[in-house]
Amino acid sequence: MGRTPMPVEPEAGRQDRGETARRSAGAGAAPPGFRRGLERWLEEAGIRVNGTRAWDIRVHDARLGARVRLHGLDGLGDAYVDGWWDCDALDEAFARVLRMGLPRPLRYSPRTMLRCLAERLLNLQTRARALRDVGWHYNLGNDLFAAMLDPLMVYSCAYWNEAKDLAGAQTAKLDLACRKVGLRPGMRLLDIGCGWGGLCRFAAERYGARVVGITLSAEQVRYARDACDGLDVDVRLMDYRDLDERFDRVVSLGMIEHVGPKNYRPYMRVVRDCLAEDGLALLQTIGSPENNPSLRHSETSWIGRNIFPGAVMPSMAQIARAGEGLLSIEDVHNIGAHYDPTLMAWAANFERNWPALAPRYGERFRRMWRYYLLSCAGSFRARRHHVWQIVQTGRGVSGYTAVR
């Protein structure tokens, strides 16, 4: 069943550490470790150390400055989980920091450099690694994700154009995806990375499609099969590399981030081979403004180590190059501005439902999850990353009219 990625510290240890931190840091002034550049950099981003505004940070342990200088943003995230600092509006603090740009010491920490080197040299998304990494996150427990997500359990950027709440925004996103590929009753639809079956269920119920969904998470398969019971939906525990069927339409919402740069070309070949002659495919992905792996985006290192191991965000150039000669890009729609409110809604749901989750997951997990959701919200608010919906066709489609 599920497990927490980081061990829970005993309550007594947290209390002892907190008392030591209060003695070390003091109130109302930055600790000595912050006075050599880091505090000045934060002030340039409009953030004060031990200030009174929601986006100011409160330092509880004087060793924080040294930890951040040694380990960069990885150290900053770990220190937050350890309780060394707090901030009432983590999302806004990150947005301010990322709009300004990261200083060299945070960007080029030794841990980040080693991770970048490994990503350049190795395939970190082999079959075995992908199965392990997907399980690390998505098998944590369906109770956690049910507490955080909408009723359809959709775990990707929503579409808030006219929506009033998260459920409406996710339904609007699913409908947009189905309209973009011209889904019609009786068509066979492949959902690569189907998650808990939200799109499978929606496409079968609303559009009369015959759906196959694949995922590497056993927990997702179990949940999706129950959720889609009675519908023309086949949910499989399956790697995309094992696909060998034809479909009228292919949709993938937030899965290619787990494919990895060394596998983009094989992934596009699988999509091409799965498409019928006149088929349409839609790919939704978090997008990087430049090719990854890259040291310029070291803010993703902590997420990759603690939340989504093996995850890499592709650039538009990497997607286009991977599909050259296989698929034609017909339409690109950037919905990245919609991820900020999506993540904030997830964070609000998580905090509201935390009392029911606390006995199983513990306070340390709460801080880790809060940091993940709110730092990502700040990243999208700063437009540091994007979300693209990309419509692709094979050789048998003569033209395409963009849908919004």
# chains A, B, ... in the order shown; residues from 1 in each chain; ligands from 1
>>> residues_around(residues="Ala224 of chain A", least_positions_apart="5", cutoff="10 Å", atoms="only C-alpha atoms", output="PDB file with N, CA and C atoms, in the first residue's frame")
ATOM      1  N   LEU A 152     -13.430  13.624 -10.033  1.00  0.00           N
ATOM      2  CA  LEU A 152     -12.950  12.714 -11.078  1.00  0.00           C
ATOM      3  C   LEU A 152     -11.484  12.315 -10.879  1.00  0.00           C
ATOM      4  N   MET A 153     -10.830  12.871  -9.858  1.00  0.00           N
ATOM      5  CA  MET A 153      -9.432  12.532  -9.543  1.00  0.00           C
ATOM      6  C   MET A 153      -8.500  12.840 -10.721  1.00  0.00           C
ATOM      7  N   CYS A 194      -3.260   7.152 -17.654  1.00  0.00           N
ATOM      8  CA  CYS A 194      -4.671   7.464 -17.383  1.00  0.00           C
ATOM      9  C   CYS A 194      -4.949   7.849 -15.945  1.00  0.00           C
ATOM     10  N   GLY A 195      -3.959   7.723 -15.049  1.00  0.00           N
ATOM     11  CA  GLY A 195      -4.198   8.086 -13.665  1.00  0.00           C
ATOM     12  C   GLY A 195      -5.321   7.282 -13.039  1.00  0.00           C
ATOM     13  N   TRP A 196      -6.218   7.984 -12.355  1.00  0.00           N
ATOM     14  CA  TRP A 196      -7.332   7.328 -11.667  1.00  0.00           C
ATOM     15  C   TRP A 196      -8.563   7.225 -12.572  1.00  0.00           C
ATOM     16  N   GLY A 197      -8.369   7.400 -13.875  1.00  0.00           N
ATOM     17  CA  GLY A 197      -9.441   7.123 -14.833  1.00  0.00           C
ATOM     18  C   GLY A 197     -10.390   8.268 -15.116  1.00  0.00           C
ATOM     19  N   GLY A 198     -10.033   9.495 -14.751  1.00  0.00           N
ATOM     20  CA  GLY A 198     -10.929  10.625 -14.952  1.00  0.00           C
ATOM     21  C   GLY A 198     -11.295  10.857 -16.408  1.00  0.00           C
ATOM     22  N   CYS A 200     -10.866   8.680 -18.902  1.00  0.00           N
ATOM     23  CA  CYS A 200     -11.524   7.456 -19.392  1.00  0.00           C
ATOM     24  C   CYS A 200     -13.014   7.498 -19.106  1.00  0.00           C
ATOM     25  N   ARG A 201     -13.349   7.807 -17.889  1.00  0.00           N
ATOM     26  CA  ARG A 201     -14.749   7.854 -17.474  1.00  0.00           C
ATOM     27  C   ARG A 201     -15.502   8.962 -18.215  1.00  0.00           C
ATOM     28  N   GLY A 213      -7.164   2.764 -21.113  1.00  0.00           N
ATOM     29  CA  GLY A 213      -6.274   3.593 -20.320  1.00  0.00           C
ATOM     30  C   GLY A 213      -5.143   2.758 -19.759  1.00  0.00           C
ATOM     31  N   ALA A 218      -0.349   0.467  -9.655  1.00  0.00           N
ATOM     32  CA  ALA A 218      -1.347  -0.545  -9.289  1.00  0.00           C
ATOM     33  C   ALA A 218      -2.509   0.074  -8.528  1.00  0.00           C
ATOM     34  N   GLU A 219      -2.228   1.080  -7.687  1.00  0.00           N
ATOM     35  CA  GLU A 219      -3.295   1.747  -6.946  1.00  0.00           C
ATOM     36  C   GLU A 219      -4.235   2.487  -7.889  1.00  0.00           C
ATOM     37  N   ASP A 229     -16.522   1.157 -13.733  1.00  0.00           N
ATOM     38  CA  ASP A 229     -17.293  -0.076 -13.816  1.00  0.00           C
ATOM     39  C   ASP A 229     -18.599   0.151 -14.587  1.00  0.00           C
ATOM     40  N   VAL A 233     -14.690   0.776 -20.861  1.00  0.00           N
ATOM     41  CA  VAL A 233     -13.360   1.246 -20.475  1.00  0.00           C
ATOM     42  C   VAL A 233     -12.522   0.064 -20.032  1.00  0.00           C
ATOM     43  N   ASP A 234     -11.313  -0.016 -20.571  1.00  0.00           N
ATOM     44  CA  ASP A 234     -10.358  -1.071 -20.221  1.00  0.00           C
ATOM     45  C   ASP A 234      -9.120  -0.408 -19.638  1.00  0.00           C
ATOM     46  N   VAL A 235      -8.917  -0.544 -18.323  1.00  0.00           N
ATOM     47  CA  VAL A 235      -7.771   0.067 -17.650  1.00  0.00           C
ATOM     48  C   VAL A 235      -6.719  -1.008 -17.417  1.00  0.00           C
ATOM     49  N   ARG A 236      -5.499  -0.744 -17.891  1.00  0.00           N
ATOM     50  CA  ARG A 236      -4.441  -1.748 -17.851  1.00  0.00           C
ATOM     51  C   ARG A 236      -3.208  -1.245 -17.091  1.00  0.00           C
TER      52      ARG A 236
END
>>> residues_around(residues="Arg321 of chain A", least_positions_apart="6", cutoff="10 Å", atoms="only C-alpha atoms", output="JSON list (two decimals) with C-alpha atoms, in the first residue's frame")
[["chain", "number", "residue", "atom", "x", "y", "z"],
["A", 264, "TYR", "CA", 11.07, 11.11, -26.27],
["A", 265, "ARG", "CA", 11.69, 9.76, -29.76],
["A", 268, "MET", "CA", 6.51, 9.62, -30.30],
["A", 315, "SER", "CA", 11.06, 21.90, -23.93]]
>>> residues_around(residues="segment 68-76 of chain A", least_positions_apart="5", cutoff="9 Å", atoms="only C-alpha atoms", output="PyMOL selection string")
chain A and resi 38+63+81+85+105-112+298-303+305
>>> select_by_dssp(residues="segment 141-265 of chain A", states="alpha helix (DSSP H)", output="VMD selection string")
chain A and resid 142 to 148 166 to 180 198 to 207 218 to 227 264 to 265
>>> write_last_selection(atoms="N, CA and C atoms", output="CSV table (one decimal), in the first residue's frame")
chain,number,residue,atom,x,y,z
A,142,ASN,N,-4.7,6.2,-2.2
A,142,ASN,CA,-5.8,6.9,-2.9
A,142,ASN,C,-6.5,7.8,-1.9
A,143,ASP,N,-6.4,7.6,-0.6
A,143,ASP,CA,-7.0,8.5,0.3
A,143,ASP,C,-6.4,9.9,0.2
A,144,LEU,N,-5.1,10.0,0.1
A,144,LEU,CA,-4.4,11.2,0.0
A,144,LEU,C,-4.9,12.0,-1.3
A,145,PHE,N,-4.9,11.4,-2.4
A,145,PHE,CA,-5.3,12.1,-3.6
A,145,PHE,C,-6.8,12.4,-3.7
A,146,ALA,N,-7.6,11.5,-3.1
A,146,ALA,CA,-9.0,11.8,-3.1
A,146,ALA,C,-9.3,13.1,-2.2
A,147,ALA,N,-8.5,13.3,-1.2
A,147,ALA,CA,-8.6,14.4,-0.3
A,147,ALA,C,-8.2,15.7,-1.0
A,148,MET,N,-7.3,15.6,-2.0
A,148,MET,CA,-6.7,16.8,-2.6
A,148,MET,C,-7.4,17.1,-4.0
A,166,LEU,N,-12.8,23.9,-8.7
A,166,LEU,CA,-11.9,22.9,-9.3
A,166,LEU,C,-12.6,21.8,-10.1
A,167,ALA,N,-13.7,21.3,-9.6
A,167,ALA,CA,-14.4,20.3,-10.3
A,167,ALA,C,-14.8,20.8,-11.7
A,168,GLY,N,-15.3,22.0,-11.8
A,168,GLY,CA,-15.7,22.6,-13.0
A,168,GLY,C,-14.5,22.8,-14.0
A,169,ALA,N,-13.4,23.2,-13.4
A,169,ALA,CA,-12.2,23.5,-14.2
A,169,ALA,C,-11.6,22.2,-14.8
A,170,GLN,N,-11.7,21.1,-14.0
A,170,GLN,CA,-11.2,19.9,-14.5
A,170,GLN,C,-12.1,19.3,-15.6
A,171,THR,N,-13.4,19.4,-15.4
A,171,THR,CA,-14.3,18.9,-16.4
A,171,THR,C,-14.2,19.7,-17.7
A,172,ALA,N,-13.9,21.0,-17.6
A,172,ALA,CA,-13.7,21.9,-18.7
A,172,ALA,C,-12.5,21.5,-19.5
A,173,LYS,N,-11.4,21.1,-18.7
A,173,LYS,CA,-10.2,20.6,-19.4
A,173,LYS,C,-10.4,19.3,-20.1
A,174,LEU,N,-11.1,18.4,-19.5
A,174,LEU,CA,-11.4,17.1,-20.2
A,174,LEU,C,-12.2,17.3,-21.4
A,175,ASP,N,-13.2,18.2,-21.3
A,175,ASP,CA,-14.0,18.4,-22.5
A,175,ASP,C,-13.2,19.1,-23.6
A,176,LEU,N,-12.4,20.0,-23.2
A,176,LEU,CA,-11.5,20.7,-24.2
A,176,LEU,C,-10.6,19.7,-24.9
A,177,ALA,N,-10.1,18.7,-24.2
A,177,ALA,CA,-9.2,17.7,-24.8
A,177,ALA,C,-10.0,16.9,-25.8
A,178,CYS,N,-11.2,16.5,-25.4
A,178,CYS,CA,-12.0,15.6,-26.3
A,178,CYS,C,-12.5,16.4,-27.5
A,179,ARG,N,-12.8,17.7,-27.4
A,179,ARG,CA,-13.2,18.5,-28.5
A,179,ARG,C,-12.0,18.7,-29.5
A,180,LYS,N,-10.8,18.9,-28.9
A,180,LYS,CA,-9.6,19.2,-29.7
A,180,LYS,C,-9.3,18.0,-30.6
A,198,GLY,N,-10.0,9.5,-14.8
A,198,GLY,CA,-10.9,10.6,-15.0
A,198,GLY,C,-11.3,10.9,-16.4
A,199,LEU,N,-10.3,10.9,-17.3
A,199,LEU,CA,-10.6,11.1,-18.7
A,199,LEU,C,-11.3,9.9,-19.3
A,200,CYS,N,-10.9,8.7,-18.9
A,200,CYS,CA,-11.5,7.5,-19.4
A,200,CYS,C,-13.0,7.5,-19.1
A,201,ARG,N,-13.3,7.8,-17.9
A,201,ARG,CA,-14.7,7.9,-17.5
A,201,ARG,C,-15.5,9.0,-18.2
A,202,PHE,N,-14.9,10.1,-18.3
A,202,PHE,CA,-15.5,11.3,-19.0
A,202,PHE,C,-15.8,11.0,-20.4
A,203,ALA,N,-14.8,10.5,-21.1
A,203,ALA,CA,-14.9,10.2,-22.6
A,203,ALA,C,-15.9,9.2,-22.9
A,204,ALA,N,-16.0,8.2,-22.0
A,204,ALA,CA,-17.0,7.1,-22.2
A,204,ALA,C,-18.4,7.6,-21.9
A,205,GLU,N,-18.6,8.3,-20.8
A,205,GLU,CA,-19.9,8.8,-20.5
A,205,GLU,C,-20.4,9.9,-21.3
A,206,ARG,N,-19.6,10.9,-21.6
A,206,ARG,CA,-20.0,12.1,-22.3
A,206,ARG,C,-19.9,12.0,-23.8
A,207,TYR,N,-19.0,11.2,-24.3
A,207,TYR,CA,-18.7,11.2,-25.8
A,207,TYR,C,-19.0,9.8,-26.4
A,218,ALA,N,-0.3,0.5,-9.7
A,218,ALA,CA,-1.3,-0.5,-9.3
A,218,ALA,C,-2.5,0.1,-8.5
A,219,GLU,N,-2.2,1.1,-7.7
A,219,GLU,CA,-3.3,1.7,-6.9
A,219,GLU,C,-4.2,2.5,-7.9
A,220,GLN,N,-3.7,3.1,-8.9
A,220,GLN,CA,-4.5,3.8,-9.9
A,220,GLN,C,-5.4,2.8,-10.7
A,221,VAL,N,-4.8,1.7,-11.1
A,221,VAL,CA,-5.6,0.7,-11.8
A,221,VAL,C,-6.7,0.2,-11.0
A,222,ARG,N,-6.5,-0.1,-9.7
A,222,ARG,CA,-7.6,-0.5,-8.9
A,222,ARG,C,-8.7,0.5,-8.8
A,223,TYR,N,-8.3,1.7,-8.5
A,223,TYR,CA,-9.3,2.8,-8.4
A,223,TYR,C,-10.1,3.0,-9.7
A,224,ALA,N,-9.3,3.1,-10.8
A,224,ALA,CA,-9.9,3.5,-12.1
A,224,ALA,C,-10.9,2.4,-12.5
A,225,ARG,N,-10.6,1.1,-12.3
A,225,ARG,CA,-11.5,0.1,-12.7
A,225,ARG,C,-12.8,0.1,-12.0
A,226,ASP,N,-12.7,0.5,-10.7
A,226,ASP,CA,-13.9,0.6,-9.9
A,226,ASP,C,-14.7,1.8,-10.4
A,227,ALA,N,-14.0,2.9,-10.6
A,227,ALA,CA,-14.7,4.2,-11.0
A,227,ALA,C,-15.4,4.0,-12.4
A,264,TYR,N,12.1,10.3,-25.6
A,264,TYR,CA,11.1,11.1,-26.3
A,264,TYR,C,10.8,10.6,-27.7
A,265,ARG,N,11.9,10.3,-28.4
A,265,ARG,CA,11.7,9.8,-29.8
A,265,ARG,C,10.9,8.4,-29.8
>>> residues_around(residues="Met187 of chain A", least_positions_apart="6", cutoff="7 Å", atoms="only C-alpha atoms", output="PyMOL selection string")
chain A and resi 209-210+248
>>> write_last_selection(atoms="C-alpha atoms", output="PDB file, in the first residue's frame")
ATOM      1  CA  ALA A 209     -15.963   6.492 -26.722  1.00  0.00           C
ATOM      2  CA  ARG A 210     -14.483   3.039 -26.256  1.00  0.00           C
ATOM      3  CA  ASP A 248      -8.786   6.557 -33.571  1.00  0.00           C
TER       4      ASP A 248
END
>>> residues_around(residues="Asn334 of chain A", least_positions_apart="4", cutoff="10 Å", atoms="only C-alpha atoms", output="PyMOL selection string")
chain A and resi 284-287+338+386-390
>>> select_by_dssp(residues="segment 171-323 of chain A", states="strand (DSSP E or B)", output="PDB file with N, CA, C and O atoms, in the first residue's frame")
ATOM      1  N   ARG A 188     -12.347   4.555 -30.801  1.00  0.00           N
ATOM      2  CA  ARG A 188     -11.426   3.977 -29.814  1.00  0.00           C
ATOM      3  C   ARG A 188     -10.451   5.067 -29.385  1.00  0.00           C
ATOM      4  O   ARG A 188      -9.767   5.688 -30.203  1.00  0.00           O
ATOM      5  N   LEU A 189     -10.387   5.293 -28.084  1.00  0.00           N
ATOM      6  CA  LEU A 189      -9.520   6.311 -27.500  1.00  0.00           C
ATOM      7  C   LEU A 189      -8.486   5.649 -26.603  1.00  0.00           C
ATOM      8  O   LEU A 189      -8.841   4.831 -25.747  1.00  0.00           O
ATOM      9  N   LEU A 190      -7.230   6.011 -26.768  1.00  0.00           N
ATOM     10  CA  LEU A 190      -6.151   5.564 -25.883  1.00  0.00           C
ATOM     11  C   LEU A 190      -5.765   6.715 -24.971  1.00  0.00           C
ATOM     12  O   LEU A 190      -5.448   7.813 -25.433  1.00  0.00           O
ATOM     13  N   ASP A 191      -5.762   6.465 -23.668  1.00  0.00           N
ATOM     14  CA  ASP A 191      -5.324   7.439 -22.667  1.00  0.00           C
ATOM     15  C   ASP A 191      -4.008   6.931 -22.078  1.00  0.00           C
ATOM     16  O   ASP A 191      -3.997   6.002 -21.270  1.00  0.00           O
ATOM     17  N   ILE A 192      -2.902   7.532 -22.498  1.00  0.00           N
ATOM     18  CA  ILE A 192      -1.582   7.130 -22.007  1.00  0.00           C
ATOM     19  C   ILE A 192      -1.310   7.854 -20.695  1.00  0.00           C
ATOM     20  O   ILE A 192      -1.209   9.079 -20.661  1.00  0.00           O
ATOM     21  N   ARG A 210     -14.975   4.306 -26.788  1.00  0.00           N
ATOM     22  CA  ARG A 210     -14.483   3.039 -26.256  1.00  0.00           C
ATOM     23  C   ARG A 210     -13.029   3.275 -25.857  1.00  0.00           C
ATOM     24  O   ARG A 210     -12.187   3.559 -26.706  1.00  0.00           O
ATOM     25  N   VAL A 211     -12.742   3.182 -24.574  1.00  0.00           N
ATOM     26  CA  VAL A 211     -11.493   3.724 -24.048  1.00  0.00           C
ATOM     27  C   VAL A 211     -10.589   2.633 -23.493  1.00  0.00           C
ATOM     28  O   VAL A 211     -11.040   1.721 -22.800  1.00  0.00           O
ATOM     29  N   VAL A 212      -9.295   2.770 -23.788  1.00  0.00           N
ATOM     30  CA  VAL A 212      -8.244   1.991 -23.136  1.00  0.00           C
ATOM     31  C   VAL A 212      -7.341   2.975 -22.407  1.00  0.00           C
ATOM     32  O   VAL A 212      -6.843   3.936 -23.003  1.00  0.00           O
ATOM     33  N   GLY A 213      -7.164   2.764 -21.113  1.00  0.00           N
ATOM     34  CA  GLY A 213      -6.274   3.593 -20.320  1.00  0.00           C
ATOM     35  C   GLY A 213      -5.143   2.758 -19.759  1.00  0.00           C
ATOM     36  O   GLY A 213      -5.365   1.625 -19.329  1.00  0.00           O
ATOM     37  N   ILE A 214      -3.925   3.314 -19.772  1.00  0.00           N
ATOM     38  CA  ILE A 214      -2.779   2.579 -19.229  1.00  0.00           C
ATOM     39  C   ILE A 214      -2.063   3.424 -18.182  1.00  0.00           C
ATOM     40  O   ILE A 214      -2.009   4.650 -18.269  1.00  0.00           O
ATOM     41  N   THR A 215      -1.528   2.757 -17.161  1.00  0.00           N
ATOM     42  CA  THR A 215      -0.749   3.391 -16.108  1.00  0.00           C
ATOM     43  C   THR A 215       0.172   2.342 -15.507  1.00  0.00           C
ATOM     44  O   THR A 215      -0.080   1.135 -15.633  1.00  0.00           O
ATOM     45  N   VAL A 233     -14.690   0.776 -20.861  1.00  0.00           N
ATOM     46  CA  VAL A 233     -13.360   1.246 -20.475  1.00  0.00           C
ATOM     47  C   VAL A 233     -12.522   0.064 -20.032  1.00  0.00           C
ATOM     48  O   VAL A 233     -12.957  -0.750 -19.213  1.00  0.00           O
ATOM     49  N   ASP A 234     -11.313  -0.016 -20.571  1.00  0.00           N
ATOM     50  CA  ASP A 234     -10.358  -1.071 -20.221  1.00  0.00           C
ATOM     51  C   ASP A 234      -9.120  -0.408 -19.638  1.00  0.00           C
ATOM     52  O   ASP A 234      -8.365   0.244 -20.352  1.00  0.00           O
ATOM     53  N   VAL A 235      -8.917  -0.544 -18.323  1.00  0.00           N
ATOM     54  CA  VAL A 235      -7.771   0.067 -17.650  1.00  0.00           C
ATOM     55  C   VAL A 235      -6.719  -1.008 -17.417  1.00  0.00           C
ATOM     56  O   VAL A 235      -7.004  -2.055 -16.817  1.00  0.00           O
ATOM     57  N   ARG A 236      -5.499  -0.744 -17.891  1.00  0.00           N
ATOM     58  CA  ARG A 236      -4.441  -1.748 -17.851  1.00  0.00           C
ATOM     59  C   ARG A 236      -3.208  -1.245 -17.091  1.00  0.00           C
ATOM     60  O   ARG A 236      -2.840  -0.076 -17.183  1.00  0.00           O
ATOM     61  N   LEU A 237      -2.574  -2.146 -16.356  1.00  0.00           N
ATOM     62  CA  LEU A 237      -1.263  -1.883 -15.765  1.00  0.00           C
ATOM     63  C   LEU A 237      -0.239  -2.184 -16.851  1.00  0.00           C
ATOM     64  O   LEU A 237       0.076  -3.358 -17.114  1.00  0.00           O
ATOM     65  N   PHE A 247      -5.696   3.003 -32.624  1.00  0.00           N
ATOM     66  CA  PHE A 247      -6.765   3.774 -32.008  1.00  0.00           C
ATOM     67  C   PHE A 247      -7.111   4.955 -32.913  1.00  0.00           C
ATOM     68  O   PHE A 247      -6.258   5.481 -33.626  1.00  0.00           O
ATOM     69  N   ASP A 248      -8.370   5.384 -32.817  1.00  0.00           N
ATOM     70  CA  ASP A 248      -8.786   6.557 -33.571  1.00  0.00           C
ATOM     71  C   ASP A 248      -8.192   7.834 -32.990  1.00  0.00           C
ATOM     72  O   ASP A 248      -7.856   8.768 -33.732  1.00  0.00           O
ATOM     73  N   ARG A 249      -8.062   7.862 -31.678  1.00  0.00           N
ATOM     74  CA  ARG A 249      -7.538   9.045 -30.998  1.00  0.00           C
ATOM     75  C   ARG A 249      -6.615   8.618 -29.866  1.00  0.00           C
ATOM     76  O   ARG A 249      -6.848   7.579 -29.218  1.00  0.00           O
ATOM     77  N   VAL A 250      -5.596   9.441 -29.593  1.00  0.00           N
ATOM     78  CA  VAL A 250      -4.681   9.216 -28.481  1.00  0.00           C
ATOM     79  C   VAL A 250      -4.585  10.511 -27.679  1.00  0.00           C
ATOM     80  O   VAL A 250      -4.363  11.583 -28.254  1.00  0.00           O
ATOM     81  N   VAL A 251      -4.764  10.419 -26.374  1.00  0.00           N
ATOM     82  CA  VAL A 251      -4.635  11.577 -25.490  1.00  0.00           C
ATOM     83  C   VAL A 251      -3.734  11.196 -24.332  1.00  0.00           C
ATOM     84  O   VAL A 251      -3.806  10.080 -23.805  1.00  0.00           O
ATOM     85  N   SER A 252      -2.866  12.130 -23.945  1.00  0.00           N
ATOM     86  CA  SER A 252      -2.006  11.918 -22.785  1.00  0.00           C
ATOM     87  C   SER A 252      -1.940  13.228 -22.007  1.00  0.00           C
ATOM     88  O   SER A 252      -1.477  14.240 -22.534  1.00  0.00           O
ATOM     89  N   LEU A 253      -2.412  13.218 -20.773  1.00  0.00           N
ATOM     90  CA  LEU A 253      -2.481  14.425 -19.951  1.00  0.00           C
ATOM     91  C   LEU A 253      -1.477  14.327 -18.807  1.00  0.00           C
ATOM     92  O   LEU A 253      -1.700  13.618 -17.831  1.00  0.00           O
ATOM     93  N   LEU A 275      -1.763   5.348 -33.801  1.00  0.00           N
ATOM     94  CA  LEU A 275      -2.795   6.159 -34.434  1.00  0.00           C
ATOM     95  C   LEU A 275      -3.299   5.521 -35.724  1.00  0.00           C
ATOM     96  O   LEU A 275      -2.517   5.053 -36.551  1.00  0.00           O
ATOM     97  N   ALA A 276      -4.608   5.549 -35.902  1.00  0.00           N
ATOM     98  CA  ALA A 276      -5.195   5.174 -37.186  1.00  0.00           C
ATOM     99  C   ALA A 276      -4.732   6.171 -38.247  1.00  0.00           C
ATOM    100  O   ALA A 276      -4.208   7.244 -37.934  1.00  0.00           O
ATOM    101  N   GLU A 277      -4.946   5.832 -39.520  1.00  0.00           N
ATOM    102  CA  GLU A 277      -4.452   6.664 -40.617  1.00  0.00           C
ATOM    103  C   GLU A 277      -4.920   8.106 -40.502  1.00  0.00           C
ATOM    104  O   GLU A 277      -4.160   9.043 -40.772  1.00  0.00           O
ATOM    105  N   ASP A 278      -6.157   8.315 -40.090  1.00  0.00           N
ATOM    106  CA  ASP A 278      -6.697   9.667 -39.965  1.00  0.00           C
ATOM    107  C   ASP A 278      -6.798  10.094 -38.498  1.00  0.00           C
ATOM    108  O   ASP A 278      -7.633  10.922 -38.125  1.00  0.00           O
ATOM    109  N   GLY A 279      -5.945   9.540 -37.646  1.00  0.00           N
ATOM    110  CA  GLY A 279      -6.030   9.769 -36.209  1.00  0.00           C
ATOM    111  C   GLY A 279      -5.482  11.112 -35.764  1.00  0.00           C
ATOM    112  O   GLY A 279      -4.688  11.757 -36.457  1.00  0.00           O
ATOM    113  N   LEU A 280      -5.923  11.524 -34.579  1.00  0.00           N
ATOM    114  CA  LEU A 280      -5.452  12.745 -33.929  1.00  0.00           C
ATOM    115  C   LEU A 280      -4.938  12.394 -32.542  1.00  0.00           C
ATOM    116  O   LEU A 280      -5.497  11.528 -31.860  1.00  0.00           O
ATOM    117  N   ALA A 281      -3.884  13.085 -32.126  1.00  0.00           N
ATOM    118  CA  ALA A 281      -3.328  12.883 -30.786  1.00  0.00           C
ATOM    119  C   ALA A 281      -3.234  14.217 -30.074  1.00  0.00           C
ATOM    120  O   ALA A 281      -2.945  15.247 -30.697  1.00  0.00           O
ATOM    121  N   LEU A 282      -3.456  14.204 -28.778  1.00  0.00           N
ATOM    122  CA  LEU A 282      -3.277  15.405 -27.953  1.00  0.00           C
ATOM    123  C   LEU A 282      -2.336  15.079 -26.811  1.00  0.00           C
ATOM    124  O   LEU A 282      -2.553  14.120 -26.066  1.00  0.00           O
ATOM    125  N   LEU A 283      -1.316  15.896 -26.683  1.00  0.00           N
ATOM    126  CA  LEU A 283      -0.326  15.751 -25.622  1.00  0.00           C
ATOM    127  C   LEU A 283      -0.408  16.983 -24.728  1.00  0.00           C
ATOM    128  O   LEU A 283      -0.252  18.108 -25.204  1.00  0.00           O
ATOM    129  N   GLN A 284      -0.672  16.779 -23.439  1.00  0.00           N
ATOM    130  CA  GLN A 284      -0.595  17.885 -22.475  1.00  0.00           C
ATOM    131  C   GLN A 284       0.599  17.646 -21.585  1.00  0.00           C
ATOM    132  O   GLN A 284       0.743  16.571 -20.995  1.00  0.00           O
ATOM    133  N   THR A 285       1.460  18.646 -21.472  1.00  0.00           N
ATOM    134  CA  THR A 285       2.672  18.482 -20.673  1.00  0.00           C
ATOM    135  C   THR A 285       3.070  19.785 -20.011  1.00  0.00           C
ATOM    136  O   THR A 285       2.833  20.870 -20.553  1.00  0.00           O
ATOM    137  N   ILE A 286       3.653  19.687 -18.830  1.00  0.00           N
ATOM    138  CA  ILE A 286       4.377  20.821 -18.268  1.00  0.00           C
ATOM    139  C   ILE A 286       5.582  21.063 -19.155  1.00  0.00           C
ATOM    140  O   ILE A 286       6.283  20.123 -19.531  1.00  0.00           O
ATOM    141  N   GLY A 287       5.826  22.320 -19.512  1.00  0.00           N
ATOM    142  CA  GLY A 287       6.897  22.633 -20.448  1.00  0.00           C
ATOM    143  C   GLY A 287       7.968  23.505 -19.839  1.00  0.00           C
ATOM    144  O   GLY A 287       7.694  24.404 -19.039  1.00  0.00           O
ATOM    145  N   SER A 288       9.202  23.235 -20.225  1.00  0.00           N
ATOM    146  CA  SER A 288      10.344  24.028 -19.804  1.00  0.00           C
ATOM    147  C   SER A 288      10.712  25.008 -20.915  1.00  0.00           C
ATOM    148  O   SER A 288      10.625  24.676 -22.094  1.00  0.00           O
ATOM    149  N   SER A 315      11.220  20.608 -23.263  1.00  0.00           N
ATOM    150  CA  SER A 315      11.057  21.899 -23.930  1.00  0.00           C
ATOM    151  C   SER A 315      10.266  21.694 -25.214  1.00  0.00           C
ATOM    152  O   SER A 315      10.109  20.565 -25.688  1.00  0.00           O
TER     153      SER A 315
END
>>> closest_residue(among="A:Met255, A:Leu327, A:Leu231, A:Pro293", to="Cys274 of chain A", atoms="only C-alpha atoms")
A:Leu327
>>> residues_around(residues="Asp91 of chain A", least_positions_apart="6", cutoff="12 Å", atoms="only C-alpha atoms", output="PyMOL selection string")
chain A and resi 54-57+97-98+340-341+343-344+347+370-382
>>> closest_residue(among="A:Met368, A:Ala348, A:Cys116, A:Leu357", to="Leu149 of chain A", atoms="only C-alpha atoms")
A:Ala348
>>> atom_distance(atom1="atom CA of Ala95 of chain A", atom2="atom CA of Pro289 of chain A")
16.4 Å
>>> atom_distance(atom1="atom CA of Arg129 of chain A", atom2="atom CA of Leu117 of chain A")
17.4 Å
>>> atom_distance(atom1="atom CA of Ile256 of chain A", atom2="atom CA of Ala93 of chain A")
28.6 Å
>>> decode(residues="segment 347-357 of chain A", atoms="C-alpha atoms", output="mmCIF file, in the first residue's frame")
data_model
loop_
_atom_site.group_PDB
_atom_site.id
_atom_site.type_symbol
_atom_site.label_atom_id
_atom_site.label_comp_id
_atom_site.auth_asym_id
_atom_site.auth_seq_id
_atom_site.Cartn_x
_atom_site.Cartn_y
_atom_site.Cartn_z
ATOM 1 C CA ALA A 347 -3.266 22.909 -1.540
ATOM 2 C CA ALA A 348 -6.482 24.240 0.009
ATOM 3 C CA ASN A 349 -8.139 20.807 -0.247
ATOM 4 C CA PHE A 350 -5.074 19.155 1.272
ATOM 5 C CA GLU A 351 -5.005 21.509 4.255
ATOM 6 C CA ARG A 352 -8.763 21.299 4.813
ATOM 7 C CA ASN A 353 -8.713 17.499 4.817
ATOM 8 C CA TRP A 354 -5.427 17.111 6.686
ATOM 9 C CA PRO A 355 -7.001 16.079 10.041
ATOM 10 C CA ALA A 356 -8.219 12.840 8.438
ATOM 11 C CA LEU A 357 -4.823 12.211 6.812
#
